[in-house]
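K.L.:
Below are the structure tokens for one structure; questions will follow.
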Amino acid sequence: MTRVEARIEKLKTAAYTIPTDGPEADGTFAWDATTLVLVKAFAGGREGLGFTYADASIAGLIAATLARAVEGLDVFDPSRAWGAMQRAVRNLGREGLASTAISAVDAALWDLKARLLDLPLATLLGRIRDSVPIYGSGGFTTYSDDKMRAQLENWVGRDGCRSVKIKIGSDPGLDPHRVEVARRAAGDAALFVDANGAFSAREALRMAQAIGELDVRWFEEPVSSDNLEGLALIRASAPGGMDIAAGEYGYTLDYFERMLSAQAVDCQQADLTRCGGVTGFLRVAILCETHHIDLSGHCGPAMHLHAACAAPRLRHLEWFHDHARIEAMLFEGAPVPCAGQIAPDLSRPGHGLEFKSADAAKFLVEER
Ligand SMILES: [Mg+2]
């Protein structure tokens, strides 16, 4: 293959705020809309696409600071561009919004490189697996029992998911009842719960005992994910067969190293759209391998899919209701579950996603 010479020419970005299909809440937050920030990167007559779920305000950071950092660099070296972006935000703080912005740009640059080489991104990265298991995730605390039951039954029956997850923690008195309803609806599939850090360590231990009797296999963020001692304590005391998970708010490799070293989780979570894009996510995966702990991708399944195929110890991806709905609505080529898995379409270059600009126009809130 002849190597194409190309430099990163420019970045464009736009933010879209999409209303949810009903009121949604978990143990510590409620929302009625989700904002997707899209990045387009241009080189050699091609366009790469990346996105994150964040705040529309990062469009300014992407269009000015990050664009300045990466424009003119060799498009075939996305990891070098990643380093340049990390340096560019040093004085702003690398975590939080800056890292979501870097994640979207990094994903666009990896997509662009793959498209220029006319390769599926998973092939460029090097596949360890052909497809990735997903678990259905929703079961918001705003849902009636009937609505939650129907959602879980669809994931298990229609999509073939082998595990499903609901939110708990906004009304602890009601949680055992909701978990029982979910347990019955899940049938043969494993049941996961996510408290989003709603409980104190003592409350979480009591909840772990109560829901352990209902065969809950995964207790996510039983306490704040910043409480590493609390997570480790609950992990040591939870009923056998119940995994403790956390990590969705990790933005830097140091964060994941601290969580893994504290032996705080049975399965490490990481969000590619927050932790530094494809470059950051694959580094977290290597860290998990050295700690002998599995990795689970948090939300944004269409953006995770190709990197997930190349990530060691990848257990599954979260098929989050909001994001799966938005990605199917706004991207041609968004993955469709089959037998509880999603797989990259290897007939398309890059990550295979094309943005449906016309369909998205009504949600546009910012454009640079
Ligand atoms: Mg969570």
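Chain lettering (A, B, ...) mirrors the order of the structure tokens, residue numbering begins at 1 for each chain separately, and ligand numbering begins at 1 in order of display.
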Using only C-alpha atoms, determine which residues lie at most 9 Å from region 281-288 of chain A, disregarding the query and same-chain residues fewer than 2 positions distant; provide the list as a PyMOL selection string.
P.N.:
chain A and resi 252-253+256-257+260+267-268+270-279+290-295+297+304+307-308+310-314
K.L.:
For region 118-130 of chain A, find every residue with an atom within 12 Å (counting only C-alpha atoms), except residues of its own chain fewer than 4 positions away, and show them as a PyMOL selection string.
P.N.:
chain A and resi 1-4+46+48-49+76+78+107-114+278-279+282+303-316+341-353
K.L.:
Ranking A:Asn196, A:Thr28, A:Tyr16, A:Arg80 by minimum distance to Asp55 (chain A) and counting only C-alpha atoms, which one comes first?
P.N.:
A:Tyr16
K.L.:
I want to know what sits within 8 Å of Val89 (chain A), based on only C-alpha atoms, with residues of the same chain fewer than 4 positions away left out; could you give that as a list in words?
P.N.:
Thr65, Met85, Gly93, Arg94 and Ala98 of chain A
K.L.:
Using only C-alpha atoms, find the one residue out of A:Leu228, A:Ala264, A:Ala67, A:Leu191 that sits nearest to Gly241 (chain A).
P.N.:
A:Leu191
K.L.:
Per residue of chain A within 12 Å of ligand 1, note the shortest atom pair and the distance in Å to one decimal, counting only C-alpha atoms and all ligand atoms, and order the rows by chain and increasing residue number, as JSON lines.
P.N.:
```
{"residue": "A:Ala25", "atom": "CA", "partner": "ligand 1", "partner_atom_place_in_ligand_line": "1 (Mg)", "distance": 11.7}
{"residue": "A:Asp26", "atom": "CA", "partner": "ligand 1", "partner_atom_place_in_ligand_line": "1 (Mg)", "distance": 9.0}
{"residue": "A:Gly27", "atom": "CA", "partner": "ligand 1", "partner_atom_place_in_ligand_line": "1 (Mg)", "distance": 9.9}
{"residue": "A:Thr28", "atom": "CA", "partner": "ligand 1", "partner_atom_place_in_ligand_line": "1 (Mg)", "distance": 10.7}
{"residue": "A:Phe29", "atom": "CA", "partner": "ligand 1", "partner_atom_place_in_ligand_line": "1 (Mg)", "distance": 11.3}
{"residue": "A:Ser137", "atom": "CA", "partner": "ligand 1", "partner_atom_place_in_ligand_line": "1 (Mg)", "distance": 9.0}
{"residue": "A:Gly138", "atom": "CA", "partner": "ligand 1", "partner_atom_place_in_ligand_line": "1 (Mg)", "distance": 9.9}
{"residue": "A:Gly139", "atom": "CA", "partner": "ligand 1", "partner_atom_place_in_ligand_line": "1 (Mg)", "distance": 11.8}
{"residue": "A:Phe140", "atom": "CA", "partner": "ligand 1", "partner_atom_place_in_ligand_line": "1 (Mg)", "distance": 11.4}
{"residue": "A:Lys165", "atom": "CA", "partner": "ligand 1", "partner_atom_place_in_ligand_line": "1 (Mg)", "distance": 9.4}
{"residue": "A:Ile166", "atom": "CA", "partner": "ligand 1", "partner_atom_place_in_ligand_line": "1 (Mg)", "distance": 9.6}
{"residue": "A:Lys167", "atom": "CA", "partner": "ligand 1", "partner_atom_place_in_ligand_line": "1 (Mg)", "distance": 8.3}
{"residue": "A:Ile168", "atom": "CA", "partner": "ligand 1", "partner_atom_place_in_ligand_line": "1 (Mg)", "distance": 10.5}
{"residue": "A:Gly169", "atom": "CA", "partner": "ligand 1", "partner_atom_place_in_ligand_line": "1 (Mg)", "distance": 11.9}
{"residue": "A:Phe192", "atom": "CA", "partner": "ligand 1", "partner_atom_place_in_ligand_line": "1 (Mg)", "distance": 10.5}
{"residue": "A:Val193", "atom": "CA", "partner": "ligand 1", "partner_atom_place_in_ligand_line": "1 (Mg)", "distance": 8.8}
{"residue": "A:Asp194", "atom": "CA", "partner": "ligand 1", "partner_atom_place_in_ligand_line": "1 (Mg)", "distance": 5.7}
{"residue": "A:Ala195", "atom": "CA", "partner": "ligand 1", "partner_atom_place_in_ligand_line": "1 (Mg)", "distance": 7.5}
{"residue": "A:Asn196", "atom": "CA", "partner": "ligand 1", "partner_atom_place_in_ligand_line": "1 (Mg)", "distance": 5.6}
{"residue": "A:Gly197", "atom": "CA", "partner": "ligand 1", "partner_atom_place_in_ligand_line": "1 (Mg)", "distance": 8.8}
{"residue": "A:Ala198", "atom": "CA", "partner": "ligand 1", "partner_atom_place_in_ligand_line": "1 (Mg)", "distance": 11.2}
{"residue": "A:Trp218", "atom": "CA", "partner": "ligand 1", "partner_atom_place_in_ligand_line": "1 (Mg)", "distance": 11.1}
{"residue": "A:Phe219", "atom": "CA", "partner": "ligand 1", "partner_atom_place_in_ligand_line": "1 (Mg)", "distance": 9.7}
{"residue": "A:Glu220", "atom": "CA", "partner": "ligand 1", "partner_atom_place_in_ligand_line": "1 (Mg)", "distance": 6.3}
{"residue": "A:Glu221", "atom": "CA", "partner": "ligand 1", "partner_atom_place_in_ligand_line": "1 (Mg)", "distance": 6.8}
{"residue": "A:Pro222", "atom": "CA", "partner": "ligand 1", "partner_atom_place_in_ligand_line": "1 (Mg)", "distance": 10.0}
{"residue": "A:Val223", "atom": "CA", "partner": "ligand 1", "partner_atom_place_in_ligand_line": "1 (Mg)", "distance": 11.4}
{"residue": "A:Ser224", "atom": "CA", "partner": "ligand 1", "partner_atom_place_in_ligand_line": "1 (Mg)", "distance": 10.8}
{"residue": "A:Ser225", "atom": "CA", "partner": "ligand 1", "partner_atom_place_in_ligand_line": "1 (Mg)", "distance": 10.0}
{"residue": "A:Ile244", "atom": "CA", "partner": "ligand 1", "partner_atom_place_in_ligand_line": "1 (Mg)", "distance": 11.5}
{"residue": "A:Ala245", "atom": "CA", "partner": "ligand 1", "partner_atom_place_in_ligand_line": "1 (Mg)", "distance": 8.6}
{"residue": "A:Ala246", "atom": "CA", "partner": "ligand 1", "partner_atom_place_in_ligand_line": "1 (Mg)", "distance": 7.2}
{"residue": "A:Gly247", "atom": "CA", "partner": "ligand 1", "partner_atom_place_in_ligand_line": "1 (Mg)", "distance": 8.3}
{"residue": "A:Glu248", "atom": "CA", "partner": "ligand 1", "partner_atom_place_in_ligand_line": "1 (Mg)", "distance": 6.4}
{"residue": "A:Tyr249", "atom": "CA", "partner": "ligand 1", "partner_atom_place_in_ligand_line": "1 (Mg)", "distance": 9.0}
{"residue": "A:Gly250", "atom": "CA", "partner": "ligand 1", "partner_atom_place_in_ligand_line": "1 (Mg)", "distance": 11.8}
{"residue": "A:Gln268", "atom": "CA", "partner": "ligand 1", "partner_atom_place_in_ligand_line": "1 (Mg)", "distance": 11.4}
{"residue": "A:Gln269", "atom": "CA", "partner": "ligand 1", "partner_atom_place_in_ligand_line": "1 (Mg)", "distance": 8.6}
{"residue": "A:Ala270", "atom": "CA", "partner": "ligand 1", "partner_atom_place_in_ligand_line": "1 (Mg)", "distance": 10.1}
{"residue": "A:Asp271", "atom": "CA", "partner": "ligand 1", "partner_atom_place_in_ligand_line": "1 (Mg)", "distance": 10.2}
{"residue": "A:Ser296", "atom": "CA", "partner": "ligand 1", "partner_atom_place_in_ligand_line": "1 (Mg)", "distance": 10.9}
{"residue": "A:Gly297", "atom": "CA", "partner": "ligand 1", "partner_atom_place_in_ligand_line": "1 (Mg)", "distance": 10.4}
{"residue": "A:His298", "atom": "CA", "partner": "ligand 1", "partner_atom_place_in_ligand_line": "1 (Mg)", "distance": 7.3}
{"residue": "A:Cys299", "atom": "CA", "partner": "ligand 1", "partner_atom_place_in_ligand_line": "1 (Mg)", "distance": 8.6}
{"residue": "A:Leu317", "atom": "CA", "partner": "ligand 1", "partner_atom_place_in_ligand_line": "1 (Mg)", "distance": 11.9}
{"residue": "A:Glu318", "atom": "CA", "partner": "ligand 1", "partner_atom_place_in_ligand_line": "1 (Mg)", "distance": 9.1}
{"residue": "A:Trp319", "atom": "CA", "partner": "ligand 1", "partner_atom_place_in_ligand_line": "1 (Mg)", "distance": 11.5}
{"residue": "A:Phe320", "atom": "CA", "partner": "ligand 1", "partner_atom_place_in_ligand_line": "1 (Mg)", "distance": 9.6}
```
K.L.:
Give me every strand (DSSP E or B) residue in region 34-166 of chain A, going by DSSP on the backbone, as a ChimeraX atom specification.
P.N.:
/A:34-43,46-53,74,120,132-138,163-166
K.L.:
Would you mind exporting N, CA and C atoms of the selected residues as a PDB file, in the first residue's frame?
P.N.:
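Generated file (result.pdb):
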```pdb
ATOM      1  N   THR A  34     -30.056  15.330  26.311  1.00  0.00           N
ATOM      2  CA  THR A  34     -28.658  14.877  26.233  1.00  0.00           C
ATOM      3  C   THR A  34     -27.979  15.660  25.119  1.00  0.00           C
ATOM      4  N   THR A  35     -26.757  16.148  25.394  1.00  0.00           N
ATOM      5  CA  THR A  35     -26.038  16.915  24.370  1.00  0.00           C
ATOM      6  C   THR A  35     -24.901  16.084  23.781  1.00  0.00           C
ATOM      7  N   LEU A  36     -24.921  15.980  22.472  1.00  0.00           N
ATOM      8  CA  LEU A  36     -23.860  15.289  21.725  1.00  0.00           C
ATOM      9  C   LEU A  36     -23.005  16.354  21.044  1.00  0.00           C
ATOM     10  N   VAL A  37     -21.693  16.296  21.267  1.00  0.00           N
ATOM     11  CA  VAL A  37     -20.782  17.237  20.598  1.00  0.00           C
ATOM     12  C   VAL A  37     -20.002  16.467  19.530  1.00  0.00           C
ATOM     13  N   LEU A  38     -20.212  16.878  18.289  1.00  0.00           N
ATOM     14  CA  LEU A  38     -19.639  16.193  17.130  1.00  0.00           C
ATOM     15  C   LEU A  38     -18.375  16.922  16.678  1.00  0.00           C
ATOM     16  N   VAL A  39     -17.354  16.164  16.289  1.00  0.00           N
ATOM     17  CA  VAL A  39     -16.141  16.753  15.728  1.00  0.00           C
ATOM     18  C   VAL A  39     -15.900  16.156  14.347  1.00  0.00           C
ATOM     19  N   LYS A  40     -15.584  17.023  13.381  1.00  0.00           N
ATOM     20  CA  LYS A  40     -15.136  16.560  12.070  1.00  0.00           C
ATOM     21  C   LYS A  40     -13.692  17.002  11.903  1.00  0.00           C
ATOM     22  N   ALA A  41     -12.844  16.066  11.475  1.00  0.00           N
ATOM     23  CA  ALA A  41     -11.427  16.373  11.218  1.00  0.00           C
ATOM     24  C   ALA A  41     -11.162  16.136   9.736  1.00  0.00           C
ATOM     25  N   PHE A  42     -10.412  17.031   9.111  1.00  0.00           N
ATOM     26  CA  PHE A  42     -10.220  16.980   7.658  1.00  0.00           C
ATOM     27  C   PHE A  42      -8.747  16.820   7.299  1.00  0.00           C
ATOM     28  N   ALA A  43      -8.470  15.941   6.318  1.00  0.00           N
ATOM     29  CA  ALA A  43      -7.112  15.789   5.754  1.00  0.00           C
ATOM     30  C   ALA A  43      -7.206  14.992   4.458  1.00  0.00           C
ATOM     31  N   ARG A  46     -10.407  13.738   2.872  1.00  0.00           N
ATOM     32  CA  ARG A  46     -11.338  12.888   3.631  1.00  0.00           C
ATOM     33  C   ARG A  46     -11.732  13.578   4.934  1.00  0.00           C
ATOM     34  N   GLU A  47     -12.742  12.989   5.552  1.00  0.00           N
ATOM     35  CA  GLU A  47     -13.308  13.573   6.772  1.00  0.00           C
ATOM     36  C   GLU A  47     -13.445  12.462   7.820  1.00  0.00           C
ATOM     37  N   GLY A  48     -12.937  12.714   9.030  1.00  0.00           N
ATOM     38  CA  GLY A  48     -13.118  11.767  10.131  1.00  0.00           C
ATOM     39  C   GLY A  48     -14.110  12.338  11.123  1.00  0.00           C
ATOM     40  N   LEU A  49     -14.799  11.429  11.823  1.00  0.00           N
ATOM     41  CA  LEU A  49     -15.916  11.836  12.681  1.00  0.00           C
ATOM     42  C   LEU A  49     -15.721  11.291  14.093  1.00  0.00           C
ATOM     43  N   GLY A  50     -15.884  12.159  15.079  1.00  0.00           N
ATOM     44  CA  GLY A  50     -15.857  11.695  16.463  1.00  0.00           C
ATOM     45  C   GLY A  50     -16.917  12.434  17.244  1.00  0.00           C
ATOM     46  N   PHE A  51     -17.313  11.896  18.403  1.00  0.00           N
ATOM     47  CA  PHE A  51     -18.255  12.638  19.232  1.00  0.00           C
ATOM     48  C   PHE A  51     -18.101  12.268  20.693  1.00  0.00           C
ATOM     49  N   THR A  52     -18.646  13.135  21.526  1.00  0.00           N
ATOM     50  CA  THR A  52     -18.716  12.872  22.960  1.00  0.00           C
ATOM     51  C   THR A  52     -20.071  13.346  23.452  1.00  0.00           C
ATOM     52  N   TYR A  53     -20.493  12.860  24.596  1.00  0.00           N
ATOM     53  CA  TYR A  53     -21.688  13.398  25.261  1.00  0.00           C
ATOM     54  C   TYR A  53     -21.187  14.317  26.368  1.00  0.00           C
ATOM     55  N   ASP A  74       0.989  15.321  11.344  1.00  0.00           N
ATOM     56  CA  ASP A  74       0.790  14.181  10.449  1.00  0.00           C
ATOM     57  C   ASP A  74      -0.479  13.431  10.872  1.00  0.00           C
ATOM     58  N   PRO A 120     -11.304  -0.587   7.942  1.00  0.00           N
ATOM     59  CA  PRO A 120     -12.151  -0.430   9.129  1.00  0.00           C
ATOM     60  C   PRO A 120     -11.258  -0.089  10.326  1.00  0.00           C
ATOM     61  N   VAL A 132     -18.751  -7.659  20.164  1.00  0.00           N
ATOM     62  CA  VAL A 132     -18.649  -7.306  21.586  1.00  0.00           C
ATOM     63  C   VAL A 132     -20.006  -7.522  22.255  1.00  0.00           C
ATOM     64  N   PRO A 133     -20.046  -8.209  23.390  1.00  0.00           N
ATOM     65  CA  PRO A 133     -21.317  -8.342  24.113  1.00  0.00           C
ATOM     66  C   PRO A 133     -21.786  -6.982  24.633  1.00  0.00           C
ATOM     67  N   ILE A 134     -23.079  -6.779  24.630  1.00  0.00           N
ATOM     68  CA  ILE A 134     -23.650  -5.555  25.205  1.00  0.00           C
ATOM     69  C   ILE A 134     -24.592  -5.941  26.343  1.00  0.00           C
ATOM     70  N   TYR A 135     -24.778  -5.023  27.294  1.00  0.00           N
ATOM     71  CA  TYR A 135     -25.844  -5.226  28.278  1.00  0.00           C
ATOM     72  C   TYR A 135     -26.805  -4.043  28.204  1.00  0.00           C
ATOM     73  N   GLY A 136     -28.094  -4.327  28.223  1.00  0.00           N
ATOM     74  CA  GLY A 136     -29.118  -3.285  28.175  1.00  0.00           C
ATOM     75  C   GLY A 136     -29.063  -2.458  29.447  1.00  0.00           C
ATOM     76  N   SER A 137     -29.119  -1.125  29.309  1.00  0.00           N
ATOM     77  CA  SER A 137     -28.965  -0.253  30.469  1.00  0.00           C
ATOM     78  C   SER A 137     -29.977   0.889  30.410  1.00  0.00           C
ATOM     79  N   GLY A 138     -30.765   0.987  31.449  1.00  0.00           N
ATOM     80  CA  GLY A 138     -31.795   2.033  31.533  1.00  0.00           C
ATOM     81  C   GLY A 138     -32.485   1.872  32.881  1.00  0.00           C
ATOM     82  N   SER A 163     -27.377  -9.717  29.928  1.00  0.00           N
ATOM     83  CA  SER A 163     -27.460  -8.979  31.193  1.00  0.00           C
ATOM     84  C   SER A 163     -28.126  -7.626  30.946  1.00  0.00           C
ATOM     85  N   VAL A 164     -28.789  -7.130  31.999  1.00  0.00           N
ATOM     86  CA  VAL A 164     -29.522  -5.862  31.904  1.00  0.00           C
ATOM     87  C   VAL A 164     -29.348  -5.098  33.211  1.00  0.00           C
ATOM     88  N   LYS A 165     -29.442  -3.775  33.130  1.00  0.00           N
ATOM     89  CA  LYS A 165     -29.140  -2.954  34.313  1.00  0.00           C
ATOM     90  C   LYS A 165     -30.223  -1.916  34.572  1.00  0.00           C
ATOM     91  N   ILE A 166     -30.541  -1.720  35.860  1.00  0.00           N
ATOM     92  CA  ILE A 166     -31.470  -0.656  36.249  1.00  0.00           C
ATOM     93  C   ILE A 166     -30.783   0.300  37.232  1.00  0.00           C
TER      94      ILE A 166
END
```
